[in-house]
Each structure stands twice: as C-alpha cells, then as structure tokens.
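As provided, input-v7.cif (mmCIF, C-alpha atoms and all ligand atoms) reads as follows.
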data_input
#
loop_
_atom_site.group_PDB
_atom_site.id
_atom_site.type_symbol
_atom_site.label_atom_id
_atom_site.label_comp_id
_atom_site.auth_asym_id
_atom_site.auth_seq_id
_atom_site.Cartn_x
_atom_site.Cartn_y
_atom_site.Cartn_z
ATOM 1 C CA MET A 1 -14.568 -1.892 11.271
ATOM 2 C CA ARG A 2 -15.494 -5.039 9.463
ATOM 3 C CA ILE A 3 -12.514 -6.977 10.777
ATOM 4 C CA LEU A 4 -13.384 -6.006 14.334
ATOM 5 C CA ARG A 5 -17.060 -6.766 13.815
ATOM 6 C CA GLN A 6 -16.362 -10.216 12.430
ATOM 7 C CA SER A 7 -13.602 -11.007 14.872
ATOM 8 C CA PRO A 8 -14.214 -8.926 18.004
ATOM 9 C CA THR A 9 -11.324 -10.430 19.955
ATOM 10 C CA SER A 10 -8.757 -9.411 17.313
ATOM 11 C CA HIS A 11 -6.098 -6.874 18.100
ATOM 12 C CA LEU A 12 -6.000 -4.475 15.174
ATOM 13 C CA VAL A 13 -2.751 -2.584 14.642
ATOM 14 C CA VAL A 14 -3.343 0.486 12.506
ATOM 15 C CA ALA A 15 -0.138 1.391 10.701
ATOM 16 C CA CYS A 16 -1.069 4.640 9.072
ATOM 17 C CA GLY A 17 -0.029 8.177 8.245
ATOM 18 C CA SER A 18 -1.555 11.416 9.505
ATOM 19 C CA SER A 19 -5.044 9.939 9.996
ATOM 20 C CA GLY A 20 -3.869 6.979 12.115
ATOM 21 C CA ALA A 21 -4.343 8.410 15.609
ATOM 22 C CA ARG A 22 -7.917 9.526 14.911
ATOM 23 C CA LEU A 23 -8.712 6.293 13.109
ATOM 24 C CA SER A 24 -7.418 4.031 15.864
ATOM 25 C CA ALA A 25 -9.285 6.040 18.514
ATOM 26 C CA GLU A 26 -12.517 5.686 16.534
ATOM 27 C CA LEU A 27 -12.048 1.981 15.929
ATOM 28 C CA GLY A 28 -11.145 1.316 19.546
ATOM 29 C CA SER A 29 -14.033 3.294 20.983
ATOM 30 C CA GLY A 30 -16.303 0.236 21.110
ATOM 31 C CA GLY A 31 -13.943 -1.487 23.531
ATOM 32 C CA HIS A 32 -11.938 -3.244 20.805
ATOM 33 C CA ALA A 33 -8.197 -3.752 21.079
ATOM 34 C CA VAL A 34 -6.725 -1.290 18.600
ATOM 35 C CA SER A 35 -3.255 0.205 18.639
ATOM 36 C CA TYR A 36 -1.463 2.570 16.327
ATOM 37 C CA VAL A 37 1.928 2.666 14.654
ATOM 38 C CA ALA A 38 2.803 5.967 12.983
ATOM 39 C CA ALA A 39 3.804 4.584 9.607
ATOM 40 C CA GLY A 40 5.675 6.748 7.143
ATOM 41 C CA LEU A 41 5.767 4.692 3.984
ATOM 42 C CA VAL A 42 7.914 7.048 1.947
ATOM 43 C CA SER A 43 11.164 6.166 3.691
ATOM 44 C CA LEU A 44 12.544 2.631 3.547
ATOM 45 C CA GLU A 45 14.092 3.034 6.983
ATOM 46 C CA SER A 46 10.761 4.079 8.448
ATOM 47 C CA VAL A 47 8.939 1.109 6.870
ATOM 48 C CA ARG A 48 11.524 -1.296 8.243
ATOM 49 C CA SER A 49 11.361 0.238 11.672
ATOM 50 C CA ASP A 50 7.526 0.121 11.748
ATOM 51 C CA ALA A 51 7.481 -3.531 10.714
ATOM 52 C CA THR A 52 10.226 -4.360 13.215
ATOM 53 C CA GLU A 53 8.264 -2.653 15.988
ATOM 54 C CA ILE A 54 5.268 -4.860 15.217
ATOM 55 C CA ARG A 55 7.488 -7.947 15.021
ATOM 56 C CA ASP A 56 8.992 -7.152 18.436
ATOM 57 C CA ARG A 57 5.549 -6.735 19.938
ATOM 58 C CA LEU A 58 4.534 -10.088 18.475
ATOM 59 C CA ASP A 59 7.670 -11.758 19.822
ATOM 60 C CA SER A 60 7.164 -10.332 23.299
ATOM 61 C CA GLY A 61 3.582 -11.638 23.384
ATOM 62 C CA GLU A 62 2.141 -8.134 23.617
ATOM 63 C CA LEU A 63 0.272 -8.848 20.378
ATOM 64 C CA PRO A 64 -1.597 -12.091 19.661
ATOM 65 C CA PRO A 65 -0.487 -14.338 16.750
ATOM 66 C CA LEU A 66 -0.398 -12.528 13.420
ATOM 67 C CA ARG A 67 -3.318 -13.556 11.232
ATOM 68 C CA GLY A 68 -3.427 -10.856 8.623
ATOM 69 C CA PHE A 69 -1.942 -7.860 6.889
ATOM 70 C CA VAL A 70 -3.884 -5.305 4.837
ATOM 71 C CA GLY A 71 -1.688 -3.118 2.631
ATOM 72 C CA ASN A 72 -4.099 -0.430 1.497
ATOM 73 C CA ALA A 73 -2.029 2.766 1.558
ATOM 74 C CA GLY A 74 -1.486 4.328 -1.820
ATOM 75 C CA MET A 75 -0.553 7.626 -3.361
ATOM 76 C CA GLN A 76 -0.513 9.151 -6.807
ATOM 77 C CA TYR A 77 2.244 11.704 -7.277
ATOM 78 C CA THR A 78 1.465 13.516 -10.469
ATOM 79 C CA ASN A 79 4.855 14.659 -11.669
ATOM 80 C CA GLY A 80 6.646 11.319 -11.580
ATOM 81 C CA LEU A 81 9.601 13.275 -10.256
ATOM 82 C CA THR A 82 8.917 13.345 -6.513
ATOM 83 C CA GLU A 83 11.844 11.731 -4.762
ATOM 84 C CA THR A 84 11.936 9.957 -1.431
ATOM 85 C CA PRO A 85 14.852 10.384 1.000
ATOM 86 C CA ASP A 86 16.220 7.169 -0.557
ATOM 87 C CA SER A 87 16.230 8.805 -4.018
ATOM 88 C CA LEU A 88 13.388 6.608 -5.223
ATOM 89 C CA GLU A 89 10.307 7.791 -7.099
ATOM 90 C CA SER A 90 7.632 8.287 -4.447
ATOM 91 C CA THR A 91 4.657 6.520 -6.060
ATOM 92 C CA PHE A 92 6.748 3.412 -6.575
ATOM 93 C CA ALA A 93 8.171 3.633 -3.067
ATOM 94 C CA VAL A 94 4.784 3.925 -1.337
ATOM 95 C CA ASN A 95 2.628 1.730 -3.569
ATOM 96 C CA VAL A 96 5.060 -1.069 -4.355
ATOM 97 C CA LEU A 97 8.134 -1.158 -2.159
ATOM 98 C CA ALA A 98 6.476 -0.271 1.118
ATOM 99 C CA ASN A 99 4.100 -3.242 1.006
ATOM 100 C CA HIS A 100 6.925 -5.556 0.119
ATOM 101 C CA LEU A 101 9.235 -4.255 2.826
ATOM 102 C CA PHE A 102 6.518 -4.223 5.450
ATOM 103 C CA VAL A 103 5.583 -7.854 4.914
ATOM 104 C CA ARG A 104 9.114 -9.167 4.718
ATOM 105 C CA PRO A 105 10.192 -8.833 8.382
ATOM 106 C CA LEU A 106 6.819 -10.261 9.400
ATOM 107 C CA GLN A 107 6.856 -13.087 6.900
ATOM 108 C CA ASP A 108 7.760 -15.857 9.326
ATOM 109 C CA ARG A 109 5.538 -14.455 12.076
ATOM 110 C CA PHE A 110 2.249 -15.148 10.302
ATOM 111 C CA THR A 111 0.304 -17.943 11.927
ATOM 112 C CA ALA A 112 -1.816 -20.027 9.556
ATOM 113 C CA PRO A 113 -4.530 -19.609 8.590
ATOM 114 C CA ALA A 114 -3.644 -16.034 7.710
ATOM 115 C CA ARG A 115 -4.223 -13.674 4.836
ATOM 116 C CA ILE A 116 -2.261 -10.845 3.271
ATOM 117 C CA VAL A 117 -4.377 -8.461 1.212
ATOM 118 C CA ILE A 118 -2.826 -5.785 -0.979
ATOM 119 C CA THR A 119 -5.108 -3.198 -2.550
ATOM 120 C CA ALA A 120 -4.412 -3.158 -6.268
ATOM 121 C CA SER A 121 -6.123 -1.613 -9.282
ATOM 122 C CA ASP A 122 -7.524 -2.610 -12.652
ATOM 123 C CA THR A 123 -5.757 0.321 -14.313
ATOM 124 C CA ARG A 124 -3.115 -2.181 -15.392
ATOM 125 C CA PHE A 125 -5.457 -3.412 -18.154
ATOM 126 C CA GLY A 126 -5.124 -0.054 -19.881
ATOM 127 C CA ASP A 127 -8.515 -0.157 -21.629
ATOM 128 C CA PHE A 128 -11.540 2.097 -21.278
ATOM 129 C CA ARG A 129 -13.611 -0.531 -19.519
ATOM 130 C CA HIS A 130 -11.134 -0.631 -16.660
ATOM 131 C CA ASN A 131 -9.775 2.928 -16.477
ATOM 132 C CA LEU A 132 -12.743 4.995 -17.776
ATOM 133 C CA GLY A 133 -10.275 6.954 -19.871
ATOM 134 C CA MET A 134 -8.785 8.653 -16.828
ATOM 135 C CA VAL A 135 -5.530 6.752 -16.519
ATOM 136 C CA PRO A 136 -3.323 5.954 -19.495
ATOM 137 C CA GLY A 137 -2.383 2.358 -20.122
ATOM 138 C CA PRO A 138 0.701 0.939 -18.478
ATOM 139 C CA VAL A 139 4.094 1.151 -20.130
ATOM 140 C CA TRP A 140 6.301 -1.558 -18.807
ATOM 141 C CA HIS A 141 9.839 -0.863 -17.670
ATOM 142 C CA SER A 142 11.960 -2.980 -15.401
ATOM 143 C CA PRO A 143 11.527 -2.206 -11.696
ATOM 144 C CA ASP A 144 14.975 -0.636 -11.392
ATOM 145 C CA VAL A 145 13.904 1.961 -13.980
ATOM 146 C CA LEU A 146 10.425 2.463 -12.500
ATOM 147 C CA ALA A 147 11.884 2.903 -9.043
ATOM 148 C CA ARG A 148 13.661 6.109 -10.106
ATOM 149 C CA THR A 149 12.296 9.474 -11.057
ATOM 150 C CA GLY A 150 12.272 10.395 -14.743
ATOM 151 C CA ALA A 151 11.369 6.909 -16.022
ATOM 152 C CA PHE A 152 9.052 8.470 -18.588
ATOM 153 C CA THR A 153 10.908 11.635 -19.445
ATOM 154 C CA GLY A 154 12.491 10.118 -22.560
ATOM 155 C CA ARG A 155 9.140 10.073 -24.381
ATOM 156 C CA THR A 156 8.370 13.801 -24.467
ATOM 157 C CA PRO A 157 9.512 16.677 -22.264
ATOM 158 C CA ARG A 158 6.561 16.071 -19.964
ATOM 159 C CA PRO A 159 4.515 13.183 -21.315
ATOM 160 C CA PRO A 160 0.782 13.710 -20.824
ATOM 161 C CA GLY A 161 -0.409 11.272 -18.214
ATOM 162 C CA ALA A 162 3.062 9.980 -17.440
ATOM 163 C CA PRO A 163 2.611 10.016 -13.683
ATOM 164 C CA ARG A 164 -0.608 8.131 -13.971
ATOM 165 C CA THR A 165 1.065 5.707 -16.326
ATOM 166 C CA ARG A 166 3.287 5.084 -13.356
ATOM 167 C CA ARG A 167 0.194 4.393 -11.328
ATOM 168 C CA ALA A 168 -1.086 1.946 -13.932
ATOM 169 C CA ASN A 169 2.245 0.176 -13.777
ATOM 170 C CA TRP A 170 2.346 -0.592 -10.105
ATOM 171 C CA PRO A 171 -0.576 -2.950 -9.364
ATOM 172 C CA PRO A 172 0.854 -6.021 -11.067
ATOM 173 C CA SER A 173 4.168 -5.430 -9.334
ATOM 174 C CA VAL A 174 2.431 -5.297 -6.002
ATOM 175 C CA SER A 175 0.438 -8.436 -6.495
ATOM 176 C CA CYS A 176 3.320 -10.408 -7.969
ATOM 177 C CA THR A 177 5.915 -9.478 -5.404
ATOM 178 C CA SER A 178 3.619 -9.870 -2.460
ATOM 179 C CA THR A 179 2.363 -13.199 -3.631
ATOM 180 C CA ARG A 180 5.878 -14.447 -4.059
ATOM 181 C CA ALA A 181 7.177 -12.959 -0.855
ATOM 182 C CA ALA A 182 4.554 -14.526 1.332
ATOM 183 C CA ARG A 183 3.879 -18.087 0.477
ATOM 184 C CA PRO A 184 4.354 -20.258 3.539
ATOM 185 C CA ALA A 185 1.634 -22.914 3.738
ATOM 186 C CA GLY A 186 -1.671 -21.538 4.954
ATOM 187 C CA ILE A 187 -0.772 -17.926 4.256
ATOM 188 C CA ASP A 188 -2.957 -16.571 1.465
ATOM 189 C CA ALA A 189 -1.812 -13.542 -0.518
ATOM 190 C CA VAL A 190 -4.585 -11.674 -2.290
ATOM 191 C CA ALA A 191 -4.626 -8.611 -4.527
ATOM 192 C CA TYR A 192 -7.910 -6.797 -3.931
ATOM 193 C CA ASN A 193 -9.261 -4.344 -6.488
ATOM 194 C CA PRO A 194 -11.942 -1.981 -5.156
ATOM 195 C CA GLY A 195 -12.903 -0.672 -8.601
ATOM 196 C CA PHE A 196 -13.276 3.044 -9.258
ATOM 197 C CA VAL A 197 -13.883 4.854 -5.948
ATOM 198 C CA PRO A 198 -14.394 8.580 -6.506
ATOM 199 C CA GLY A 199 -14.037 11.135 -3.740
ATOM 200 C CA THR A 200 -11.050 9.675 -1.912
ATOM 201 C CA ASP A 201 -7.791 11.504 -1.302
ATOM 202 C CA LEU A 202 -5.791 9.315 -3.656
ATOM 203 C CA ALA A 203 -5.262 12.053 -6.207
ATOM 204 C CA ARG A 204 -4.613 14.772 -3.619
ATOM 205 C CA ASN A 205 -1.453 15.688 -5.508
ATOM 206 C CA ALA A 206 -3.133 15.625 -8.912
ATOM 207 C CA ASP A 207 -4.465 18.537 -10.915
HETATM 208 N N1 LIG B 1 -9.921 5.529 -5.462
HETATM 209 C C1 LIG B 1 -9.891 4.650 -6.445
HETATM 210 O O1 LIG B 1 -10.599 4.797 -7.464
HETATM 211 C C2 LIG B 1 -9.024 3.432 -6.355
HETATM 212 C C3 LIG B 1 -9.142 2.456 -7.361
HETATM 213 C C4 LIG B 1 -8.346 1.330 -7.284
HETATM 214 C C5 LIG B 1 -7.459 1.177 -6.241
HETATM 215 N N2 LIG B 1 -7.358 2.150 -5.283
HETATM 216 C C6 LIG B 1 -6.404 1.933 -4.200
HETATM 217 O O2 LIG B 1 -7.076 1.976 -2.967
HETATM 218 C C7 LIG B 1 -6.140 2.298 -1.929
HETATM 219 C C8 LIG B 1 -6.736 3.356 -1.025
HETATM 220 O O3 LIG B 1 -6.843 4.565 -1.761
HETATM 221 P P1 LIG B 1 -8.034 5.599 -1.614
HETATM 222 O O4 LIG B 1 -8.592 5.811 -2.965
HETATM 223 O O5 LIG B 1 -8.918 5.181 -0.500
HETATM 224 O O6 LIG B 1 -7.210 6.924 -1.257
HETATM 225 P P2 LIG B 1 -6.981 7.694 0.133
HETATM 226 O O7 LIG B 1 -8.281 8.090 0.723
HETATM 227 O O8 LIG B 1 -5.993 8.780 -0.161
HETATM 228 O O9 LIG B 1 -6.294 6.604 1.035
HETATM 229 C C9 LIG B 1 -4.916 6.345 0.912
HETATM 230 C C10 LIG B 1 -4.346 6.008 2.257
HETATM 231 O O10 LIG B 1 -2.939 5.792 2.101
HETATM 232 C C11 LIG B 1 -2.266 6.449 3.153
HETATM 233 N N3 LIG B 1 -0.944 6.881 2.710
HETATM 234 C C12 LIG B 1 -0.619 7.493 1.550
HETATM 235 N N4 LIG B 1 0.694 7.776 1.521
HETATM 236 C C13 LIG B 1 1.203 7.336 2.688
HETATM 237 C C14 LIG B 1 2.503 7.346 3.263
HETATM 238 N N5 LIG B 1 3.557 7.849 2.604
HETATM 239 N N6 LIG B 1 2.673 6.818 4.494
HETATM 240 C C15 LIG B 1 1.611 6.302 5.163
HETATM 241 N N7 LIG B 1 0.367 6.254 4.684
HETATM 242 C C16 LIG B 1 0.163 6.774 3.458
HETATM 243 C C17 LIG B 1 -3.122 7.658 3.493
HETATM 244 O O11 LIG B 1 -2.888 8.035 4.827
HETATM 245 P P3 LIG B 1 -3.064 9.567 5.292
HETATM 246 O O12 LIG B 1 -4.391 10.035 4.775
HETATM 247 O O13 LIG B 1 -2.972 9.470 6.780
HETATM 248 O O14 LIG B 1 -1.916 10.298 4.664
HETATM 249 C C18 LIG B 1 -4.533 7.108 3.284
HETATM 250 O O15 LIG B 1 -5.009 6.521 4.479
HETATM 251 C C19 LIG B 1 -4.853 2.758 -2.634
HETATM 252 O O16 LIG B 1 -3.915 1.705 -2.608
HETATM 253 C C20 LIG B 1 -5.335 3.013 -4.064
HETATM 254 O O17 LIG B 1 -4.327 2.878 -5.022
HETATM 255 C C21 LIG B 1 -8.126 3.266 -5.305
#
Write out the structure in this file as structure tokens.
Ligand SMILES: NC(=O)c1ccc[n+]([C@@H]2O[C@H](COP(=O)([O-])OP(=O)(O)OC[C@H]3O[C@@H](n4cnc5c(N)ncnc54)[C@H](OP(=O)(O)O)[C@@H]3O)[C@@H](O)[C@H]2O)c1
Amino acid sequence: MRILRQSPTSHLVVACGSSGARLSAELGSGGHAVSYVAAGLVSLESVRSDATEIRDRLDSGELPPLRGFVGNAGMQYTNGLTETPDSLESTFAVNVLANHLFVRPLQDRFTAPARIVITASDTRFGDFRHNLGMVPGPVWHSPDVLARTGAFTGRTPRPPGAPRTRRANWPPSVSCTSTRAARPAGIDAVAYNPGFVPGTDLARNAD
C-alpha cells in the first residue's frame, strides 16, 4: 500500500502464496497496476520459474523497468525436520534460499536507482533484549549443514528450541547473501528488521 501510495504509477507484482490473489485484488482496487504471480517458495524449481516469469515480462516490456524487490516471506517450521521436494530443510529453503534464488535471475534487470529489501530479524543477537527470551540464540553451522534437516539432532534427541535456533540462524545469511548477490552500482540491498510483531502467522506451525 505504501509503495503504491508513494509511487502511484508503479506496477506492483505480488509474488505470494495462498493470500496473493486476494492481496493483489485489494491493492489494485484503487486503479493501481498490480499483478500476481503464484509463488511457491518451498521448491527451488518453482522459485526459479516465478523469477523467470517476471524476467520475461520485463524483457517483453509488459512490465516497466525493475526498481525494487521486497523479500518478506518467511516461515518457522518447528520440528527442523520438514523437508522440501529438493530434500532441503524448509525454513532454510523459504527464508534463505528463496530470496537468493529469486533475486539472481533478476539481478541484471534492476534499473538504478533500485532497492532490494529483505526482511530479517534481530533474533541473531541471541540475547534477551533482542529475542525477549522466546527464541534461543543462534548456533552457527555452515550453510550446507543448515540446509538439511537434522542439523541440530546431534545435541539431544529433540533439542528444546532447536527449530527456532534455526530461525535465529537465518537472518545473517539472508542479509549477507543478498547483499553480495546484488551489488551493481545504484542497486541498494537492505536487510530490514521489523522488530517483534505479535499476532502474525509466522509461527503457524509452532506449538
Ligand atoms: N512476526 C515477527 O515478530 C517478526 C520479527 C522479525 C522478522 N519477521 C519476519 O517478517 C516477515 C513476515 O512475517 P510475518 O510475521 O508477517 O508472518 P506472516 O503473517 O506469516 O507472513 C509471512 C508471509 O510469508 C508467506 N510465505 C510463507 N511461506 C511461503 C511459501 N512457502 N511460499 C510463498 N509464500 C510464503 C506467507 O504467505 P501465505 O500467507 O500466502 O502462505 C505470508 O504472506 C518474515 O520474513 C519474518 O521472518 C517477523
């Protein structure tokens, strides 16, 4: 809403899951140009195909020059064992890889000045001030370990808070990889932390 308010001639492409059709209809109801790509961020193939669809629409001139990307989708799978069709751990796949893979095919289509914003989280600090005691501190493993299920199962049979440890681990990965992946001149890459936002669906799979 804010993007369209500030820049009413923008064409907003909503790449979203189940809520995307309703959301794009609402956003477009004021006469704004809004279209919708049914994005399934769990599967690598689906992410690539969504990004390629947008790239093709840019190349054909159907969409105006690309000025921004907002990677806000996120999920918190609580068991740390939920696998994607690519045999990756789902939280890592959605929260880290999907942003990276989505931006990559579009990387040379951004027209400066442009901005890439990835929603991150302060849970990476691991202290009470930042996580309010609800998310354990991060435990660093290399990405090839974090990308698979069972990265934390060596600690105890089912480590308390392990899945959320996974959550605490991902924000730095997101900001680092995105910043590195998208650095042509005039293209800003920003990690945005909204702070604690209760009442969202982020923990829909949590107890
Ligand atoms: N809530 C907090 O306290 C907090 C704090 C710091 C950072 N954040 C971050 O803020 C962002 C937004 O989260 P939120 O709290 O607003 O939760 P939310 O209401 O659940 O929003 C998450 C969004 O991600 C989409 N999504 C999840 N999995 C997807 C998938 N596999 N494919 C496509 N879309 C998918 C959801 O789409 P559907 O609903 O259509 O499935 C939903 O629109 C996340 O990146 C989260 O990590 C949240």
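Here the PyMOL selection byres (((not hetatm)) within 7 of (chain B and resi 1)) matches the residues Cys16, Gly17, Ser18, Ser19, Gly20, Ala39, Gly40, Leu41, Val42, Asn72, Ala73, Gly74, Met75, Val94, Asn95, Thr119, Ala120, Ser121, Asp122, Asn193, Pro194, Gly195, Phe196, Val197, Pro198, Thr200, Asp201, Leu202 and Ala203 of chain A.
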Take the residues just selected and output them with C-alpha atoms as a short mmCIF file (atom, residue, chain, number, x, y, z; two decimals), in the frame of the given file.
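Result file result_37.cif:
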data_model
loop_
_atom_site.label_atom_id
_atom_site.label_comp_id
_atom_site.auth_asym_id
_atom_site.auth_seq_id
_atom_site.Cartn_x
_atom_site.Cartn_y
_atom_site.Cartn_z
CA CYS A 16 -1.07 4.64 9.07
CA GLY A 17 -0.03 8.18 8.24
CA SER A 18 -1.56 11.42 9.51
CA SER A 19 -5.04 9.94 10.00
CA GLY A 20 -3.87 6.98 12.12
CA ALA A 39 3.80 4.58 9.61
CA GLY A 40 5.68 6.75 7.14
CA LEU A 41 5.77 4.69 3.98
CA VAL A 42 7.91 7.05 1.95
CA ASN A 72 -4.10 -0.43 1.50
CA ALA A 73 -2.03 2.77 1.56
CA GLY A 74 -1.49 4.33 -1.82
CA MET A 75 -0.55 7.63 -3.36
CA VAL A 94 4.78 3.92 -1.34
CA ASN A 95 2.63 1.73 -3.57
CA THR A 119 -5.11 -3.20 -2.55
CA ALA A 120 -4.41 -3.16 -6.27
CA SER A 121 -6.12 -1.61 -9.28
CA ASP A 122 -7.52 -2.61 -12.65
CA ASN A 193 -9.26 -4.34 -6.49
CA PRO A 194 -11.94 -1.98 -5.16
CA GLY A 195 -12.90 -0.67 -8.60
CA PHE A 196 -13.28 3.04 -9.26
CA VAL A 197 -13.88 4.85 -5.95
CA PRO A 198 -14.39 8.58 -6.51
CA THR A 200 -11.05 9.68 -1.91
CA ASP A 201 -7.79 11.50 -1.30
CA LEU A 202 -5.79 9.32 -3.66
CA ALA A 203 -5.26 12.05 -6.21
#
Atomic distance atom CA of A:Arg104 - atom CA of A:His141, expressed in Å with one decimal: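 Those two atoms sit 23.9 Å apart.
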Nearest-residue call for A:Val103, choices A:Ala191, A:Val135, A:Leu63, A:Val47, using only C-alpha atoms: A:Val47
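You can rank A:Leu81, A:Ala25, A:Ile118, A:Leu101 by their closest distance to A:Phe152 using all atoms listed in the file, and at the top of that list sits A:Leu81.
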Quick one: residues within 8 Å of stretch 4-11 of chain A, only C-alpha atoms counted, chain neighbours fewer than 3 positions away excluded, as a list in words?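 What passes the distance filter is Met1, His32, Ala33, Val34, Ser35, Leu63 and Pro64 of chain A.
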One decimal, Å: what's the distance from atom CA of A:Ile187 over to atom CA of A:Val117, could you say?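 Separation of atom CA of A:Ile187 and atom CA of A:Val117: 10.6 Å.
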Given only C-alpha atoms as the counted atoms, nearest of A:Leu44, A:Ala114, A:Ala93, A:Val70 to A:Val13: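 For A:Val13, the nearest of the candidates is A:Val70.
The nearest approach to A:Met134 among the residues A:Thr149, A:Arg22, A:Ser87, A:Ala206, with all atoms listed in the file taken into account, belongs to A:Ala206.
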The distance between atom CA of A:Gly30 and atom CA of A:Val14 is 15.6 Å
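Among A:Phe102, A:Leu66, A:Tyr77, A:Thr82, the residue with the shortest atom-to-atom distance to A:Arg48, counting all atoms listed in the file, is A:Phe102.
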Considering all atoms listed in the file, can you say which of A:Gln107, A:Thr78, A:Ser24, A:Asn205 comes closest to A:Leu12?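 Result for the nearest residue to A:Leu12: A:Ser24.
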Give me, as an mmCIF file with C-alpha atoms, keeping the file's coordinate frame, all polymer residues having an atom no more than 8 Å from A:Arg109, counting all atoms listed in the file and skipping those fewer than 6 positions away in the same chain.
data_model
loop_
_atom_site.group_PDB
_atom_site.id
_atom_site.type_symbol
_atom_site.label_atom_id
_atom_site.label_comp_id
_atom_site.auth_asym_id
_atom_site.auth_seq_id
_atom_site.Cartn_x
_atom_site.Cartn_y
_atom_site.Cartn_z
ATOM 1 C CA ARG A 55 7.488 -7.947 15.021
ATOM 2 C CA LEU A 58 4.534 -10.088 18.475
ATOM 3 C CA PRO A 65 -0.487 -14.338 16.750
ATOM 4 C CA LEU A 66 -0.398 -12.528 13.420
#
